[in-house]
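*Asks:* What follows is final_38.cif, made up of mmCIF, C-alpha atoms:
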data_query
#
loop_
_atom_site.group_PDB
_atom_site.id
_atom_site.type_symbol
_atom_site.label_atom_id
_atom_site.label_comp_id
_atom_site.auth_asym_id
_atom_site.auth_seq_id
_atom_site.Cartn_x
_atom_site.Cartn_y
_atom_site.Cartn_z
ATOM 1 C CA MET B 14 0.000 0.000 0.000
ATOM 2 C CA ILE B 15 2.847 2.399 0.789
ATOM 3 C CA ASP B 16 4.236 1.956 -2.740
ATOM 4 C CA GLY B 17 0.817 2.822 -4.167
ATOM 5 C CA ILE B 18 0.738 6.036 -2.126
ATOM 6 C CA ARG B 19 4.244 6.953 -3.238
ATOM 7 C CA ASP B 20 3.359 6.207 -6.866
ATOM 8 C CA CYS B 21 0.216 8.353 -6.622
ATOM 9 C CA SER B 22 2.053 11.303 -5.042
ATOM 10 C CA PHE B 23 4.835 10.992 -7.640
ATOM 11 C CA LYS B 24 2.262 11.236 -10.443
ATOM 12 C CA ALA B 25 0.735 14.293 -8.775
ATOM 13 C CA MET B 26 4.181 15.923 -8.608
ATOM 14 C CA LEU B 27 4.697 15.335 -12.319
ATOM 15 C CA LEU B 28 1.460 17.156 -13.103
ATOM 16 C CA LEU B 29 2.745 20.233 -11.249
ATOM 17 C CA ARG B 30 5.902 20.511 -13.405
ATOM 18 C CA PHE B 31 5.940 21.665 -17.003
ATOM 19 C CA PRO B 32 9.313 21.195 -18.768
ATOM 20 C CA VAL B 33 10.262 24.171 -20.944
ATOM 21 C CA THR B 34 13.045 25.526 -23.111
ATOM 22 C CA VAL B 35 14.067 29.173 -23.199
ATOM 23 C CA VAL B 36 15.042 30.845 -26.476
ATOM 24 C CA ILE B 37 17.593 33.644 -26.113
ATOM 25 C CA GLU B 38 18.472 36.246 -28.732
ATOM 26 C CA ARG B 39 21.444 38.541 -29.235
ATOM 27 C CA VAL B 40 20.418 41.458 -31.443
ATOM 28 C CA PRO B 41 23.049 43.887 -32.791
ATOM 29 C CA LEU B 42 22.344 47.586 -32.222
ATOM 30 C CA THR B 43 23.590 50.678 -34.002
ATOM 31 C CA ASN B 44 24.257 52.677 -30.884
ATOM 32 C CA ARG B 45 27.467 54.340 -29.826
ATOM 33 C CA TRP B 46 27.192 53.109 -26.216
ATOM 34 C CA VAL B 47 25.807 49.592 -26.629
ATOM 35 C CA SER B 48 26.639 47.231 -29.467
ATOM 36 C CA GLU B 49 24.076 44.487 -28.742
ATOM 37 C CA GLN B 50 20.884 43.687 -26.878
ATOM 38 C CA TRP B 51 20.299 40.372 -25.107
ATOM 39 C CA ARG B 52 16.726 39.246 -24.530
ATOM 40 C CA VAL B 53 14.531 36.255 -23.892
ATOM 41 C CA ALA B 54 12.604 35.588 -27.095
ATOM 42 C CA ALA B 55 10.326 32.724 -26.011
ATOM 43 C CA VAL B 56 9.523 30.075 -23.440
ATOM 44 C CA GLU B 57 8.457 26.934 -25.283
ATOM 45 C CA PRO B 58 7.035 23.644 -24.015
ATOM 46 C CA LEU B 59 9.476 20.776 -24.087
ATOM 47 C CA PRO B 60 8.062 17.898 -26.126
ATOM 48 C CA ASP B 61 9.106 15.261 -23.569
ATOM 49 C CA ASP B 62 9.706 15.122 -19.819
ATOM 50 C CA ASN B 63 13.483 15.287 -20.233
ATOM 51 C CA VAL B 64 14.648 18.182 -18.070
ATOM 52 C CA SER B 65 18.382 17.856 -18.692
ATOM 53 C CA HIS B 66 20.395 21.047 -19.155
ATOM 54 C CA ALA B 67 21.521 21.577 -22.732
ATOM 55 C CA THR B 68 22.244 24.592 -24.903
ATOM 56 C CA GLU B 69 22.128 24.580 -28.669
ATOM 57 C CA ARG B 70 22.770 27.390 -31.089
ATOM 58 C CA LEU B 71 19.923 27.858 -33.546
ATOM 59 C CA PRO B 72 20.357 29.008 -37.153
ATOM 60 C CA ASP B 73 21.005 32.749 -37.339
ATOM 61 C CA GLN B 74 18.194 34.994 -38.558
ATOM 62 C CA GLY B 75 20.123 37.716 -40.346
ATOM 63 C CA ASP B 76 22.238 39.472 -37.724
ATOM 64 C CA VAL B 77 20.238 37.971 -34.848
ATOM 65 C CA VAL B 78 21.946 35.063 -33.060
ATOM 66 C CA ARG B 79 19.689 32.643 -31.134
ATOM 67 C CA TRP B 80 20.160 29.842 -28.618
ATOM 68 C CA ARG B 81 17.746 27.289 -27.141
ATOM 69 C CA CYS B 82 18.423 26.464 -23.492
ATOM 70 C CA SER B 83 16.629 23.437 -22.076
ATOM 71 C CA GLY B 84 16.627 21.937 -18.625
ATOM 72 C CA PHE B 85 14.057 24.211 -17.008
ATOM 73 C CA ALA B 86 10.599 23.505 -15.646
ATOM 74 C CA VAL B 87 7.747 25.677 -14.510
ATOM 75 C CA GLU B 88 6.486 24.405 -11.171
ATOM 76 C CA LEU B 89 3.108 25.224 -9.662
ATOM 77 C CA THR B 90 2.734 25.582 -5.885
ATOM 78 C CA ARG B 91 -0.375 26.355 -3.862
ATOM 79 C CA SER B 92 1.321 29.296 -2.141
ATOM 80 C CA GLU B 93 1.720 31.084 -5.496
ATOM 81 C CA SER B 94 -1.863 30.503 -6.697
ATOM 82 C CA GLU B 95 -2.728 34.211 -6.419
ATOM 83 C CA GLY B 96 0.207 35.093 -8.712
ATOM 84 C CA TYR B 97 -0.939 32.484 -11.249
ATOM 85 C CA TYR B 98 -4.487 33.853 -11.095
ATOM 86 C CA LEU B 99 -3.262 37.404 -11.698
ATOM 87 C CA ASN B 100 -1.282 36.155 -14.692
ATOM 88 C CA ILE B 101 -3.956 34.082 -16.431
ATOM 89 C CA SER B 102 -6.670 36.690 -15.808
ATOM 90 C CA SER B 103 -4.611 39.434 -17.461
ATOM 91 C CA PRO B 104 -5.231 40.360 -21.119
ATOM 92 C CA GLU B 105 -1.831 38.901 -22.135
ATOM 93 C CA PRO B 106 -0.592 36.081 -19.851
ATOM 94 C CA LYS B 107 3.201 35.855 -19.602
ATOM 95 C CA ALA B 108 6.043 33.527 -18.681
ATOM 96 C CA PHE B 109 8.775 35.219 -16.646
ATOM 97 C CA VAL B 110 12.464 34.362 -16.972
ATOM 98 C CA MET B 111 15.062 35.412 -14.399
ATOM 99 C CA TYR B 112 18.552 35.652 -15.891
ATOM 100 C CA ARG B 113 21.999 37.068 -15.233
ATOM 101 C CA MET B 114 24.566 38.435 -17.627
ATOM 102 C CA GLU B 115 27.504 36.113 -16.943
ATOM 103 C CA GLN B 116 29.734 33.596 -18.645
ATOM 104 C CA GLY B 117 28.287 30.102 -18.574
ATOM 105 C CA PRO B 118 29.954 26.786 -17.751
ATOM 106 C CA ALA B 119 32.819 25.551 -19.920
ATOM 107 C CA HIS B 120 30.595 23.221 -22.000
ATOM 108 C CA VAL B 121 28.301 26.116 -23.048
ATOM 109 C CA ASP B 122 28.957 28.283 -26.125
ATOM 110 C CA PRO B 123 31.347 31.064 -24.953
ATOM 111 C CA ALA B 124 29.442 33.607 -27.076
ATOM 112 C CA LEU B 125 26.340 33.085 -24.886
ATOM 113 C CA LYS B 126 26.532 35.678 -22.102
ATOM 114 C CA LEU B 127 22.937 35.558 -20.852
ATOM 115 C CA GLN B 128 22.420 32.693 -18.391
ATOM 116 C CA VAL B 129 18.868 31.653 -17.497
ATOM 117 C CA HIS B 130 18.369 30.763 -13.831
ATOM 118 C CA LEU B 131 14.618 30.364 -13.239
ATOM 119 C CA VAL B 132 11.293 30.373 -15.084
ATOM 120 C CA THR B 133 7.915 31.113 -13.490
ATOM 121 C CA VAL B 134 4.336 31.931 -14.439
ATOM 122 C CA SER B 135 3.547 33.798 -11.189
ATOM 123 C CA TYR B 136 3.240 37.593 -11.273
ATOM 124 C CA ASN B 137 4.051 37.738 -7.562
ATOM 125 C CA GLU B 138 7.227 35.657 -7.822
ATOM 126 C CA ALA B 139 8.481 37.696 -10.789
ATOM 127 C CA ALA B 140 7.803 40.901 -8.833
ATOM 128 C CA ARG B 141 9.838 39.577 -5.875
ATOM 129 C CA TRP B 142 12.736 38.802 -8.224
ATOM 130 C CA LEU B 143 12.594 42.354 -9.624
ATOM 131 C CA ASP B 144 12.378 43.816 -6.107
ATOM 132 C CA GLY B 145 15.489 41.793 -5.246
ATOM 133 C CA GLY B 146 17.421 43.425 -8.106
ATOM 134 C CA GLU B 147 17.325 40.511 -10.534
ATOM 135 C CA GLN B 148 16.815 40.869 -14.281
ATOM 136 C CA VAL B 149 13.521 39.460 -15.533
ATOM 137 C CA ASP B 150 12.066 39.270 -19.040
ATOM 138 C CA ALA B 151 8.406 38.530 -19.740
ATOM 139 C CA VAL B 152 7.316 36.716 -22.899
ATOM 140 C CA ALA B 153 3.930 35.571 -24.158
ATOM 141 C CA LEU B 154 2.661 32.444 -22.411
ATOM 142 C CA ASP B 155 2.308 29.430 -24.680
ATOM 143 C CA PRO B 156 -1.381 28.365 -25.026
ATOM 144 C CA SER B 157 -0.606 24.802 -23.874
ATOM 145 C CA MET B 158 0.957 26.162 -20.669
ATOM 146 C CA LEU B 159 -2.088 28.381 -20.099
ATOM 147 C CA ALA B 160 -4.403 25.381 -20.501
ATOM 148 C CA TRP B 161 -2.208 23.403 -18.067
ATOM 149 C CA MET B 162 -2.380 26.181 -15.429
ATOM 150 C CA GLN B 163 -6.122 26.889 -15.518
ATOM 151 C CA PRO B 164 -7.375 23.768 -13.643
ATOM 152 C CA PHE B 165 -4.725 24.251 -10.931
ATOM 153 C CA VAL B 166 -5.733 27.889 -10.393
ATOM 154 C CA ALA B 167 -9.445 27.006 -10.396
ATOM 155 C CA GLU B 168 -8.834 24.398 -7.691
ATOM 156 C CA HIS B 169 -6.395 26.261 -5.438
ATOM 157 C CA TYR B 170 -6.974 30.026 -5.735
ATOM 158 C CA ARG B 171 -9.341 31.570 -3.232
ATOM 159 C CA PRO B 172 -9.433 35.375 -3.007
ATOM 160 C CA GLU B 173 -8.880 36.957 0.395
ATOM 161 C CA PRO B 174 -12.226 37.961 1.907
ATOM 162 C CA LYS B 175 -12.694 41.716 1.997
ATOM 163 C CA ARG B 176 -13.137 43.226 5.388
ATOM 164 C CA LYS B 177 -14.158 46.674 6.401
ATOM 165 C CA ALA B 178 -11.319 48.719 7.879
ATOM 166 C CA ARG B 179 -12.068 50.967 10.795
ATOM 167 C CA ARG B 180 -10.830 54.529 10.706
ATOM 168 C CA ASN B 181 -7.892 54.251 13.146
ATOM 169 C CA GLU B 182 -7.327 50.503 12.979
ATOM 170 C CA LEU B 183 -3.686 50.709 11.871
ATOM 171 C CA TYR B 184 -2.772 53.025 14.735
ATOM 172 C CA GLU B 185 -4.661 50.952 17.304
ATOM 173 C CA ARG B 186 -2.634 47.843 16.439
ATOM 174 C CA ASP B 187 0.595 49.759 17.024
ATOM 175 C CA GLY B 188 -0.614 50.895 20.441
ATOM 176 C CA ASN B 189 -0.225 54.580 19.541
ATOM 177 C CA ILE B 190 -3.819 55.486 20.323
ATOM 178 C CA ALA B 191 -6.537 54.014 22.481
ATOM 179 C CA PRO B 192 -9.095 51.850 20.676
ATOM 180 C CA THR B 193 -12.329 53.596 19.758
ATOM 181 C CA ARG B 194 -15.419 52.419 21.534
ATOM 182 C CA LYS B 195 -18.702 51.922 19.776
ATOM 183 C CA SER B 196 -21.620 53.731 21.311
ATOM 184 C CA GLY B 197 -24.868 51.917 21.908
ATOM 185 C CA PRO B 198 -26.304 49.140 24.049
#
With the file now loaded, output its structure as structure tokens.
*Replies:*
Amino acid sequence: MIDGIRDCSFKAMLLLRFPVTVVIERVPLTNRWVSEQWRVAAVEPLPDDNVSHATERLPDQGDVVRWRCSGFAVELTRSESEGYYLNISSPEPKAFVMYRMEQGPAHVDPALKLQVHLVTVSYNEAARWLDGGEQVDAVALDPSMLAWMQPFVAEHYRPEPKRKARRNELYERDGNIAPTRKSGP
């Protein structure tokens, strides 16, 4: 019976991970201060569940050089369900990629200077990364990823109930003023 429980929980974990690849572009600029722009061009579903790290250079498109970096997965957690809801309810849902401009490992193309670290579909998580000083690019969310997220959000997202705030409530909690008393019986 224990093996059946483990097998069931393992299958549930697989449903909460979506393997993806990240496409990176280096675009030349005619600017006297900056010669090139690095950006995340796309986050694409990985056709299989293989989440091994690999980087391949794609055919150039004119002056634009592109790479496909695999080995990433979007993971859904209940604690981020509000961020997922905010994303999928927006007019243009996005995938967010946190990256750093640094040289990669020795086995990676030395011309690739943008290194992907994390991928998410939560507005809140991406905002925390930005608040922490990280670089984040947002790209259009693939329709298959959107369809994968919707049942999870429907099951786990519950909006915070609205409550009426009293006039001096913030100050009362700090102990700066005495609580107001309601008049009546």
*Asks:* With distances taken over all atoms listed in the file, which of B:Val77, B:Leu154, B:Ala160, B:Thr34 is nearest to Ser103 in chain B?
*Replies:*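 That would be B:Leu154, the residue with the smallest distance to Ser103 in chain B.
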*Asks:* Could you spell out the hits of the PyMOL selection byres ((chain B and resi 110) around 10) on the shown file, as a compact mmCIF listing (two decimals) with C-alpha atoms, in the frame of the given file?
*Replies:*
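part06.txt, written as the output of this step:
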# COMPACT_ATOMS: atom_id res chain seq x y z
CA VAL B 35 14.07 29.17 -23.20
CA ARG B 52 16.73 39.25 -24.53
CA VAL B 53 14.53 36.26 -23.89
CA ALA B 55 10.33 32.72 -26.01
CA VAL B 56 9.52 30.08 -23.44
CA LYS B 107 3.20 35.85 -19.60
CA ALA B 108 6.04 33.53 -18.68
CA PHE B 109 8.78 35.22 -16.65
CA MET B 111 15.06 35.41 -14.40
CA TYR B 112 18.55 35.65 -15.89
CA VAL B 129 18.87 31.65 -17.50
CA HIS B 130 18.37 30.76 -13.83
CA LEU B 131 14.62 30.36 -13.24
CA VAL B 132 11.29 30.37 -15.08
CA THR B 133 7.92 31.11 -13.49
CA VAL B 134 4.34 31.93 -14.44
CA ALA B 139 8.48 37.70 -10.79
CA TRP B 142 12.74 38.80 -8.22
CA GLN B 148 16.82 40.87 -14.28
CA VAL B 149 13.52 39.46 -15.53
CA ASP B 150 12.07 39.27 -19.04
CA ALA B 151 8.41 38.53 -19.74
CA VAL B 152 7.32 36.72 -22.90
*Asks:* Tell me which of B:Pro156, B:Arg141, B:Glu49, B:Tyr136 sits closest to Tyr97 in chain B, counting all atoms listed in the file.
*Replies:*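 Of the candidates, the smallest distance to Tyr97 in chain B is held by B:Tyr136.
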*Asks:* What is the CA of Lys126 in chain B to CA of Pro58 in chain B distance in Å?
*Replies:*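 Answer for the CA of Lys126 in chain B to CA of Pro58 in chain B separation: 23.0 Å.
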*Asks:* So that I can see what lies close to Met162 in chain B, please list as a VMD selection string the residues with an atom at most 12 Å from it, counting all atoms listed in the file and leaving out residues fewer than 3 positions away in the same chain.
*Replies:* chain B and resid 28 to 31 87 to 91 93 to 94 96 to 102 106 to 108 133 to 135 154 to 159 165 to 170
